[in-house]
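The data block below is data.cif; it holds mmCIF, C-alpha atoms.
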```
data_upload
loop_
_atom_site.group_PDB
_atom_site.id
_atom_site.type_symbol
_atom_site.label_atom_id
_atom_site.label_comp_id
_atom_site.auth_asym_id
_atom_site.auth_seq_id
_atom_site.Cartn_x
_atom_site.Cartn_y
_atom_site.Cartn_z
ATOM 1 C CA MET A 1 106.328 87.590 87.439
ATOM 2 C CA SER A 2 103.146 86.713 85.525
ATOM 3 C CA PHE A 3 99.822 86.379 87.294
ATOM 4 C CA THR A 4 96.151 86.144 86.366
ATOM 5 C CA LYS A 5 94.000 89.230 86.854
ATOM 6 C CA THR A 6 90.765 87.572 87.910
ATOM 7 C CA THR A 7 89.220 91.029 88.262
ATOM 8 C CA GLU A 8 89.618 91.432 84.490
ATOM 9 C CA GLN A 9 88.344 88.016 83.447
ATOM 10 C CA SER A 10 85.092 87.823 81.496
ATOM 11 C CA SER A 11 81.854 87.821 83.474
ATOM 12 C CA LYS A 12 80.148 84.469 83.787
ATOM 13 C CA TYR A 13 76.935 86.195 82.719
ATOM 14 C CA GLU A 14 76.177 86.860 79.059
ATOM 15 C CA HIS A 15 73.824 89.251 77.234
ATOM 16 C CA LEU A 16 73.232 91.528 80.226
ATOM 17 C CA GLU A 17 71.277 93.953 78.054
ATOM 18 C CA LYS A 18 68.644 91.257 77.464
ATOM 19 C CA MET A 19 68.043 90.617 81.176
ATOM 20 C CA SER A 20 65.027 91.994 83.027
ATOM 21 C CA VAL A 21 65.540 94.408 85.906
ATOM 22 C CA ASN A 22 64.734 91.599 88.334
ATOM 23 C CA ASP A 23 67.279 89.270 86.734
ATOM 24 C CA LEU A 24 69.974 91.957 86.780
ATOM 25 C CA LEU A 25 69.383 92.749 90.440
ATOM 26 C CA THR A 26 69.200 89.091 91.449
ATOM 27 C CA ASN A 27 72.412 88.188 89.645
ATOM 28 C CA ILE A 28 74.309 91.205 91.010
ATOM 29 C CA ASN A 29 73.113 90.297 94.493
ATOM 30 C CA ASN A 30 74.174 86.674 94.051
ATOM 31 C CA GLU A 31 77.672 87.830 93.116
ATOM 32 C CA ASP A 32 77.779 90.261 96.044
ATOM 33 C CA LYS A 33 76.981 87.411 98.467
ATOM 34 C CA THR A 34 80.355 85.869 97.680
ATOM 35 C CA VAL A 35 82.352 88.897 98.822
ATOM 36 C CA PRO A 36 82.259 88.384 102.626
ATOM 37 C CA LEU A 37 83.396 84.784 102.117
ATOM 38 C CA ALA A 38 86.388 86.029 100.143
ATOM 39 C CA VAL A 39 87.163 88.528 102.921
ATOM 40 C CA GLU A 40 86.933 85.745 105.507
ATOM 41 C CA LYS A 41 89.751 83.866 103.783
ATOM 42 C CA ALA A 42 91.948 86.959 104.159
ATOM 43 C CA LEU A 43 91.339 87.426 107.910
ATOM 44 C CA PRO A 44 94.818 86.188 108.923
ATOM 45 C CA GLN A 45 96.420 88.758 106.587
ATOM 46 C CA ILE A 46 94.124 91.503 107.906
ATOM 47 C CA GLU A 47 94.962 90.582 111.499
ATOM 48 C CA THR A 48 98.692 90.809 110.842
ATOM 49 C CA LEU A 49 98.389 94.256 109.271
ATOM 50 C CA VAL A 50 96.032 95.639 111.935
ATOM 51 C CA SER A 51 98.306 94.424 114.726
ATOM 52 C CA LYS A 52 101.204 96.296 113.132
ATOM 53 C CA ILE A 53 99.101 99.460 112.666
ATOM 54 C CA VAL A 54 98.141 99.430 116.353
ATOM 55 C CA GLU A 55 101.777 98.929 117.342
ATOM 56 C CA GLN A 56 102.905 101.854 115.182
ATOM 57 C CA MET A 57 100.087 104.161 116.282
ATOM 58 C CA LYS A 58 100.988 103.559 119.910
ATOM 59 C CA LYS A 59 104.404 104.954 118.992
ATOM 60 C CA GLY A 60 102.757 108.077 117.571
ATOM 61 C CA GLY A 61 102.501 106.872 113.998
ATOM 62 C CA ARG A 62 99.770 107.589 111.473
ATOM 63 C CA LEU A 63 97.906 105.498 108.900
ATOM 64 C CA PHE A 64 97.931 106.471 105.229
ATOM 65 C CA TYR A 65 95.826 105.052 102.412
ATOM 66 C CA ILE A 66 96.984 105.625 98.838
ATOM 67 C CA GLY A 67 95.028 104.654 95.742
ATOM 68 C CA ALA A 68 93.665 105.713 92.368
ATOM 69 C CA GLY A 69 90.086 105.925 91.123
ATOM 70 C CA THR A 70 87.554 103.885 93.110
ATOM 71 C CA SER A 71 90.275 102.509 95.377
ATOM 72 C CA GLY A 72 91.538 105.988 96.212
ATOM 73 C CA ARG A 73 88.022 107.242 96.906
ATOM 74 C CA LEU A 74 87.302 104.331 99.240
ATOM 75 C CA GLY A 75 90.454 105.127 101.228
ATOM 76 C CA ILE A 76 89.425 108.766 101.531
ATOM 77 C CA VAL A 77 85.938 107.781 102.708
ATOM 78 C CA ASP A 78 87.322 105.533 105.434
ATOM 79 C CA ALA A 79 89.889 108.096 106.572
ATOM 80 C CA SER A 80 87.380 110.950 106.616
ATOM 81 C CA GLU A 81 84.989 108.996 108.832
ATOM 82 C CA CYS A 82 87.521 108.338 111.599
ATOM 83 C CA PRO A 83 87.445 111.805 113.224
ATOM 84 C CA PRO A 84 83.636 112.054 113.566
ATOM 85 C CA THR A 85 83.254 108.411 114.604
ATOM 86 C CA PHE A 86 86.164 108.071 117.011
ATOM 87 C CA GLY A 87 87.080 111.658 117.898
ATOM 88 C CA VAL A 88 90.624 111.371 116.554
ATOM 89 C CA PRO A 89 92.538 114.206 114.834
ATOM 90 C CA PHE A 90 91.943 114.621 111.091
ATOM 91 C CA ASP A 91 95.579 113.819 110.399
ATOM 92 C CA LEU A 92 95.738 110.452 112.167
ATOM 93 C CA VAL A 93 94.215 108.473 109.284
ATOM 94 C CA ILE A 94 94.865 110.102 105.915
ATOM 95 C CA GLY A 95 93.520 109.174 102.492
ATOM 96 C CA ILE A 96 95.465 110.223 99.390
ATOM 97 C CA ILE A 97 94.188 109.776 95.829
ATOM 98 C CA ALA A 98 96.139 109.911 92.560
ATOM 99 C CA GLY A 99 95.358 113.222 90.903
ATOM 100 C CA GLY A 100 94.657 115.048 94.164
ATOM 101 C CA ASP A 101 91.317 116.148 95.582
ATOM 102 C CA THR A 102 89.973 116.908 92.098
ATOM 103 C CA ALA A 103 90.025 113.164 91.435
ATOM 104 C CA ILE A 104 87.563 112.516 94.269
ATOM 105 C CA ARG A 105 84.720 113.682 92.023
ATOM 106 C CA LYS A 106 86.197 113.593 88.533
ATOM 107 C CA ALA A 107 88.678 111.191 86.985
ATOM 108 C CA VAL A 108 92.091 112.722 86.322
ATOM 109 C CA GLU A 109 93.561 111.206 83.160
ATOM 110 C CA PHE A 110 96.722 109.130 83.561
ATOM 111 C CA ALA A 111 97.162 110.158 87.225
ATOM 112 C CA GLU A 112 97.411 106.506 88.263
ATOM 113 C CA ASP A 113 100.242 105.903 85.787
ATOM 114 C CA ASN A 114 102.694 108.262 87.508
ATOM 115 C CA LYS A 115 104.981 106.050 89.566
ATOM 116 C CA GLU A 116 106.761 108.958 91.284
ATOM 117 C CA GLN A 117 103.797 111.047 92.427
ATOM 118 C CA ALA A 118 102.622 109.010 95.433
ATOM 119 C CA TRP A 119 105.909 109.506 97.262
ATOM 120 C CA LYS A 120 105.713 113.244 96.562
ATOM 121 C CA ASP A 121 102.165 113.287 97.947
ATOM 122 C CA LEU A 122 103.208 111.351 101.052
ATOM 123 C CA SER A 123 106.242 113.583 101.579
ATOM 124 C CA GLU A 124 103.957 116.595 101.953
ATOM 125 C CA TRP A 125 102.811 114.982 105.208
ATOM 126 C CA ASN A 126 106.393 114.522 106.454
ATOM 127 C CA ILE A 127 105.936 110.762 106.491
ATOM 128 C CA ASN A 128 108.308 108.839 108.763
ATOM 129 C CA GLU A 129 109.212 105.385 110.075
ATOM 130 C CA ASP A 130 106.440 105.384 112.689
ATOM 131 C CA ASP A 131 103.755 105.588 109.980
ATOM 132 C CA VAL A 132 102.007 102.833 108.020
ATOM 133 C CA VAL A 133 101.054 103.146 104.341
ATOM 134 C CA ILE A 134 98.406 100.906 102.776
ATOM 135 C CA GLY A 135 98.222 100.816 98.997
ATOM 136 C CA ILE A 136 94.737 100.084 97.650
ATOM 137 C CA ALA A 137 94.365 98.727 94.112
ATOM 138 C CA ALA A 138 91.894 96.086 92.965
ATOM 139 C CA SER A 139 94.118 95.149 90.023
ATOM 140 C CA GLY A 140 97.309 95.091 92.041
ATOM 141 C CA THR A 141 99.147 96.761 89.160
ATOM 142 C CA THR A 142 98.536 100.510 89.622
ATOM 143 C CA PRO A 143 101.916 102.293 89.096
ATOM 144 C CA TYR A 144 101.013 105.205 91.415
ATOM 145 C CA VAL A 145 100.393 102.810 94.305
ATOM 146 C CA ILE A 146 103.279 100.423 93.626
ATOM 147 C CA GLY A 147 105.725 103.314 93.248
ATOM 148 C CA GLY A 148 104.587 104.805 96.535
ATOM 149 C CA LEU A 149 105.071 101.559 98.434
ATOM 150 C CA GLU A 150 108.484 100.966 96.859
ATOM 151 C CA LYS A 151 109.714 104.322 98.159
ATOM 152 C CA CYS A 152 108.215 103.612 101.579
ATOM 153 C CA ASN A 153 110.074 100.303 101.692
ATOM 154 C CA GLU A 154 113.317 102.102 100.831
ATOM 155 C CA ASN A 155 112.683 104.461 103.756
ATOM 156 C CA ASN A 156 111.825 101.742 106.319
ATOM 157 C CA ILE A 157 108.144 102.689 106.459
ATOM 158 C CA THR A 158 105.694 99.834 107.084
ATOM 159 C CA THR A 159 103.697 98.961 103.954
ATOM 160 C CA GLY A 160 100.486 97.020 103.449
ATOM 161 C CA CYS A 161 98.046 96.650 100.590
ATOM 162 C CA ILE A 162 94.486 95.667 99.728
ATOM 163 C CA THR A 163 94.139 94.024 96.340
ATOM 164 C CA CYS A 164 91.717 91.596 94.700
ATOM 165 C CA ASN A 165 94.186 89.579 92.622
ATOM 166 C CA ALA A 166 96.486 86.921 94.045
ATOM 167 C CA GLY A 167 100.218 87.238 93.459
ATOM 168 C CA SER A 168 100.062 90.747 91.981
ATOM 169 C CA PRO A 169 103.011 93.155 91.722
ATOM 170 C CA LEU A 170 101.407 95.191 94.518
ATOM 171 C CA SER A 171 101.232 92.162 96.812
ATOM 172 C CA GLN A 172 104.872 91.414 96.031
ATOM 173 C CA THR A 173 105.792 94.999 96.951
ATOM 174 C CA ALA A 174 103.828 95.390 100.195
ATOM 175 C CA LYS A 175 105.424 93.933 103.302
ATOM 176 C CA LEU A 176 101.999 93.053 104.746
ATOM 177 C CA PRO A 177 99.647 92.320 101.829
ATOM 178 C CA ILE A 178 95.929 91.598 101.970
ATOM 179 C CA GLU A 179 94.510 89.695 98.993
ATOM 180 C CA VAL A 180 90.738 89.351 98.711
ATOM 181 C CA VAL A 181 90.117 87.347 95.557
ATOM 182 C CA VAL A 182 86.519 87.999 94.505
ATOM 183 C CA GLY A 183 86.750 86.678 90.937
ATOM 184 C CA PRO A 184 85.292 88.158 87.727
ATOM 185 C CA GLU A 185 82.863 91.067 88.023
ATOM 186 C CA PHE A 186 79.218 90.967 86.898
ATOM 187 C CA VAL A 187 80.104 93.606 84.320
ATOM 188 C CA THR A 188 83.496 92.491 83.025
ATOM 189 C CA GLY A 189 86.312 94.554 84.532
ATOM 190 C CA SER A 190 84.039 96.836 86.607
ATOM 191 C CA SER A 191 86.063 96.562 89.797
ATOM 192 C CA ARG A 192 83.941 99.194 91.547
ATOM 193 C CA MET A 193 81.503 96.308 92.116
ATOM 194 C CA LYS A 194 82.655 93.203 94.038
ATOM 195 C CA ALA A 195 86.254 94.365 94.334
ATOM 196 C CA GLY A 196 85.135 97.762 95.615
ATOM 197 C CA THR A 197 82.779 96.127 98.116
ATOM 198 C CA ALA A 198 85.592 93.881 99.342
ATOM 199 C CA GLN A 199 87.929 96.838 99.776
ATOM 200 C CA LYS A 200 85.265 98.760 101.718
ATOM 201 C CA LEU A 201 84.675 95.818 104.043
ATOM 202 C CA VAL A 202 88.403 95.428 104.707
ATOM 203 C CA LEU A 203 88.868 99.161 105.296
ATOM 204 C CA ASN A 204 85.976 99.124 107.793
ATOM 205 C CA MET A 205 87.646 96.243 109.606
ATOM 206 C CA ILE A 206 91.064 97.881 109.659
ATOM 207 C CA SER A 207 90.006 101.290 110.972
ATOM 208 C CA THR A 208 87.338 100.040 113.392
ATOM 209 C CA THR A 209 89.497 97.313 114.932
ATOM 210 C CA THR A 210 92.445 99.688 115.215
ATOM 211 C CA MET A 211 90.385 102.356 116.964
ATOM 212 C CA ILE A 212 88.881 99.838 119.386
ATOM 213 C CA GLN A 213 92.373 98.570 120.195
ATOM 214 C CA LEU A 214 93.443 102.163 120.842
ATOM 215 C CA GLY A 215 90.624 102.620 123.367
ATOM 216 C CA ARG A 216 88.322 104.744 121.230
ATOM 217 C CA VAL A 217 85.251 102.600 121.969
ATOM 218 C CA LYS A 218 83.837 101.810 125.420
ATOM 219 C CA GLY A 219 81.651 98.731 125.701
ATOM 220 C CA ASN A 220 80.176 98.980 122.225
ATOM 221 C CA LYS A 221 79.687 102.738 122.170
ATOM 222 C CA MET A 222 81.384 105.541 120.213
ATOM 223 C CA VAL A 223 82.115 107.533 123.349
ATOM 224 C CA ASP A 224 84.523 109.914 121.587
ATOM 225 C CA MET A 225 82.349 110.692 118.543
ATOM 226 C CA GLN A 226 82.053 114.282 117.362
ATOM 227 C CA LEU A 227 78.713 115.892 118.241
ATOM 228 C CA SER A 228 78.184 117.400 114.804
ATOM 229 C CA ASN A 229 74.401 117.179 114.409
ATOM 230 C CA VAL A 230 71.156 116.809 116.357
ATOM 231 C CA LYS A 231 70.987 113.040 115.791
ATOM 232 C CA LEU A 232 74.459 112.498 117.244
ATOM 233 C CA ILE A 233 73.797 114.784 120.210
ATOM 234 C CA ASP A 234 70.650 112.790 120.993
ATOM 235 C CA ARG A 235 72.599 109.535 120.656
ATOM 236 C CA GLY A 236 75.245 110.910 122.992
ATOM 237 C CA VAL A 237 72.675 111.921 125.573
ATOM 238 C CA ARG A 238 71.148 108.438 125.560
ATOM 239 C CA MET A 239 74.582 106.840 125.838
ATOM 240 C CA ILE A 240 75.252 108.940 128.950
ATOM 241 C CA MET A 241 71.877 107.925 130.426
ATOM 242 C CA SER A 242 72.763 104.255 129.917
ATOM 243 C CA GLU A 243 75.985 104.729 131.902
ATOM 244 C CA ILE A 244 74.995 106.974 134.793
ATOM 245 C CA PRO A 245 71.727 107.688 136.715
ATOM 246 C CA VAL A 246 70.638 111.009 135.183
ATOM 247 C CA SER A 247 67.636 112.363 133.311
ATOM 248 C CA TYR A 248 67.665 113.291 129.633
ATOM 249 C CA ASP A 249 68.038 116.994 130.432
ATOM 250 C CA GLU A 250 70.792 116.341 132.959
ATOM 251 C CA ALA A 251 72.636 114.148 130.466
ATOM 252 C CA LYS A 252 72.322 116.792 127.768
ATOM 253 C CA SER A 253 73.690 119.421 130.121
ATOM 254 C CA LEU A 254 76.651 117.191 130.994
ATOM 255 C CA LEU A 255 77.303 116.591 127.302
ATOM 256 C CA GLU A 256 77.218 120.309 126.526
ATOM 257 C CA THR A 257 79.546 121.036 129.431
ATOM 258 C CA HIS A 258 82.169 118.364 128.717
ATOM 259 C CA GLY A 259 81.906 117.988 124.930
ATOM 260 C CA SER A 260 82.001 114.192 124.720
ATOM 261 C CA VAL A 261 80.224 111.173 126.145
ATOM 262 C CA ARG A 262 83.432 109.839 127.684
ATOM 263 C CA LYS A 263 84.254 113.088 129.492
ATOM 264 C CA ALA A 264 80.652 113.575 130.631
ATOM 265 C CA VAL A 265 80.573 110.126 132.216
ATOM 266 C CA ASP A 266 84.092 110.343 133.670
ATOM 267 C CA ASN A 267 83.370 113.739 135.271
ATOM 268 C CA PHE A 268 79.961 112.847 136.710
ATOM 269 C CA LYS A 269 79.763 113.302 140.450
ATOM 270 C CA LYS A 270 76.991 111.499 142.304
#
```

Produce structure tokens that represent the structure in this file.
Amino acid sequence: MSFTKTTEQSSKYEHLEKMSVNDLLTNINNEDKTVPLAVEKALPQIETLVSKIVEQMKKGGRLFYIGAGTSGRLGIVDASECPPTFGVPFDLVIGIIAGGDTAIRKAVEFAEDNKEQAWKDLSEWNINEDDVVIGIAASGTTPYVIGGLEKCNENNITTGCITCNAGSPLSQTAKLPIEVVVGPEFVTGSSRMKAGTAQKLVLNMISTTTMIQLGRVKGNKMVDMQLSNVKLIDRGVRMIMSEIPVSYDEAKSLLETHGSVRKAVDNFKK
């Protein structure tokens, strides 16, 4: 099936090297302003996928992101931020990149072209029917990602995707696709720009909404966050003070005793 890769179409801006710094920044910013509007159009698709993720996680399932290059890195960033933000285990949301951890910092040649490797990478985590796998690829044509989702489909594992081209092979493969069509990039084909921003916004929405639905936020507070630095400890203390009638020192003592804002508040005795 043929489709148009809008992410690869020529930029509507010409002679970038002749632009002033101000013109470059202004034009990049003008393009970036269009991204949230493109995401808005995909909200029904995002809602469908998130609802399924919540359903599967309540059964004990996990969420996997698979991608190559920028897309893979964005998945890893989102997954790695779930434990400190929401206090969940490190293996509840898992990011996997083509080429392995080396590819996080340095491109691994042709890793994205291996159609068999993603399933091997997923199999190391003993993936099963309770899990959800989201393939991330701006182009919607990455063999590593498509191959991974095809094998998941064969094994009755829920599949979703985040892509920035409509009607792509990846969208046709994923059972629950998300298409955020952002159009040509400022620098032709540089999908780390608008496409990458769109993917980051969608990933934020997926993980945050899922965790809220799973009870990992109270009111609007990260009551299960990991207390991994002085700033977060101070934030935790102030969150406790906003919930129960204690002083700063008393709140800090409760936090040290119980290890989380939620437990400190729940175990407070007047």

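Nearest residue to Lys115 (chain A), choosing from A:Val145, A:Val180, A:Leu49, A:Cys82 and counting all atoms listed in the file: A:Val145.
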
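In terms of minimum interatomic distance to Arg216 (chain A), A:Arg262 ranks closest within A:Lys41, A:Lys252, A:Arg262, A:Lys33, counting only C-alpha atoms.
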
Please write as a PDB file with C-alpha atoms, keeping the file's coordinate frame the full residue list that the PyMOL selection byres ((chain A and resi 129-142) around 8) yields on this file.
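Full text of out_33.pdb as output:
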```pdb
ATOM      1  CA  LYS A   5      94.000  89.230  86.854  1.00  0.00           C
ATOM      2  CA  THR A   7      89.220  91.029  88.262  1.00  0.00           C
ATOM      3  CA  ILE A  53      99.101  99.460 112.666  1.00  0.00           C
ATOM      4  CA  GLN A  56     102.905 101.854 115.182  1.00  0.00           C
ATOM      5  CA  MET A  57     100.087 104.161 116.282  1.00  0.00           C
ATOM      6  CA  LYS A  59     104.404 104.954 118.992  1.00  0.00           C
ATOM      7  CA  GLY A  60     102.757 108.077 117.571  1.00  0.00           C
ATOM      8  CA  GLY A  61     102.501 106.872 113.998  1.00  0.00           C
ATOM      9  CA  ARG A  62      99.770 107.589 111.473  1.00  0.00           C
ATOM     10  CA  LEU A  63      97.906 105.498 108.900  1.00  0.00           C
ATOM     11  CA  PHE A  64      97.931 106.471 105.229  1.00  0.00           C
ATOM     12  CA  TYR A  65      95.826 105.052 102.412  1.00  0.00           C
ATOM     13  CA  ILE A  66      96.984 105.625  98.838  1.00  0.00           C
ATOM     14  CA  GLY A  67      95.028 104.654  95.742  1.00  0.00           C
ATOM     15  CA  ALA A  68      93.665 105.713  92.368  1.00  0.00           C
ATOM     16  CA  SER A  71      90.275 102.509  95.377  1.00  0.00           C
ATOM     17  CA  GLY A  72      91.538 105.988  96.212  1.00  0.00           C
ATOM     18  CA  GLY A  75      90.454 105.127 101.228  1.00  0.00           C
ATOM     19  CA  GLU A 112      97.411 106.506  88.263  1.00  0.00           C
ATOM     20  CA  ASP A 113     100.242 105.903  85.787  1.00  0.00           C
ATOM     21  CA  ILE A 127     105.936 110.762 106.491  1.00  0.00           C
ATOM     22  CA  ASN A 128     108.308 108.839 108.763  1.00  0.00           C
ATOM     23  CA  PRO A 143     101.916 102.293  89.096  1.00  0.00           C
ATOM     24  CA  TYR A 144     101.013 105.205  91.415  1.00  0.00           C
ATOM     25  CA  VAL A 145     100.393 102.810  94.305  1.00  0.00           C
ATOM     26  CA  ILE A 146     103.279 100.423  93.626  1.00  0.00           C
ATOM     27  CA  GLY A 148     104.587 104.805  96.535  1.00  0.00           C
ATOM     28  CA  LEU A 149     105.071 101.559  98.434  1.00  0.00           C
ATOM     29  CA  CYS A 152     108.215 103.612 101.579  1.00  0.00           C
ATOM     30  CA  ASN A 155     112.683 104.461 103.756  1.00  0.00           C
ATOM     31  CA  ASN A 156     111.825 101.742 106.319  1.00  0.00           C
ATOM     32  CA  ILE A 157     108.144 102.689 106.459  1.00  0.00           C
ATOM     33  CA  THR A 158     105.694  99.834 107.084  1.00  0.00           C
ATOM     34  CA  THR A 159     103.697  98.961 103.954  1.00  0.00           C
ATOM     35  CA  GLY A 160     100.486  97.020 103.449  1.00  0.00           C
ATOM     36  CA  CYS A 161      98.046  96.650 100.590  1.00  0.00           C
ATOM     37  CA  ILE A 162      94.486  95.667  99.728  1.00  0.00           C
ATOM     38  CA  THR A 163      94.139  94.024  96.340  1.00  0.00           C
ATOM     39  CA  CYS A 164      91.717  91.596  94.700  1.00  0.00           C
ATOM     40  CA  ASN A 165      94.186  89.579  92.622  1.00  0.00           C
ATOM     41  CA  SER A 168     100.062  90.747  91.981  1.00  0.00           C
ATOM     42  CA  PRO A 169     103.011  93.155  91.722  1.00  0.00           C
ATOM     43  CA  LEU A 170     101.407  95.191  94.518  1.00  0.00           C
ATOM     44  CA  SER A 171     101.232  92.162  96.812  1.00  0.00           C
ATOM     45  CA  ALA A 174     103.828  95.390 100.195  1.00  0.00           C
ATOM     46  CA  SER A 191      86.063  96.562  89.797  1.00  0.00           C
ATOM     47  CA  ALA A 195      86.254  94.365  94.334  1.00  0.00           C
ATOM     48  CA  GLY A 196      85.135  97.762  95.615  1.00  0.00           C
ATOM     49  CA  GLN A 199      87.929  96.838  99.776  1.00  0.00           C
TER      50      GLN A 199
END
```

Explicit residue set for the PyMOL selection byres ((chain A and resi 211) around 10), as a list in words: Val54, Met57, Cys82, Thr85, Phe86, Gly87, Val88, Met205, Ile206, Ser207, Thr208, Thr209, Thr210, Ile212, Gln213, Leu214, Gly215, Arg216 and Val217 of chain A

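The coordinates place CA of Val261 (chain A) at 14.0 Å from CA of Lys231 (chain A).
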
Given the PyMOL selection byres ((chain A and resi 76) around 8), the residues it picks as a PyMOL selection string: chain A and resi 65+72-75+77-80+94-97

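Note that CA of Lys175 (chain A) and CA of Asp91 (chain A) are 23.3 Å apart.
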
Residue with smallest distance to Tyr13 (chain A) - pool A:Tyr248, A:Phe186, A:Trp119, A:Phe90, counting all atoms listed in the file: A:Phe186

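Among the candidates A:Gln117, A:Thr70, A:Asn229, A:Thr188, the one nearest to Ala103 (chain A) when counting all atoms listed in the file is A:Thr70.
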
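CA of Lys52 (chain A) is found 28.5 Å from CA of Gly99 (chain A).
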
Contacts of region 240-242 of chain A within 12 Å, all atoms listed in the file, excl. fewer than 5 positions in-chain, as number ranges by chain: A: 218-224, 233-235, 247-256, 258-268

Shell of 12 Å around Asn30 (chain A), all atoms listed in the file, local chain residues under 6 positions omitted, as number ranges by chain: A: 13, 23-24, 36, 185-186, 194

Of the listed residues A:Pro177, A:Met225, A:Lys58, A:Lys200, that which approaches Leu92 (chain A) most closely, counting only C-alpha atoms: A:Lys58

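Take the candidates A:Asn204, A:Thr197, A:Thr257, A:Ser51 and check each one against Thr34 (chain A) using all atoms listed in the file; the shortest distance goes to A:Thr197.
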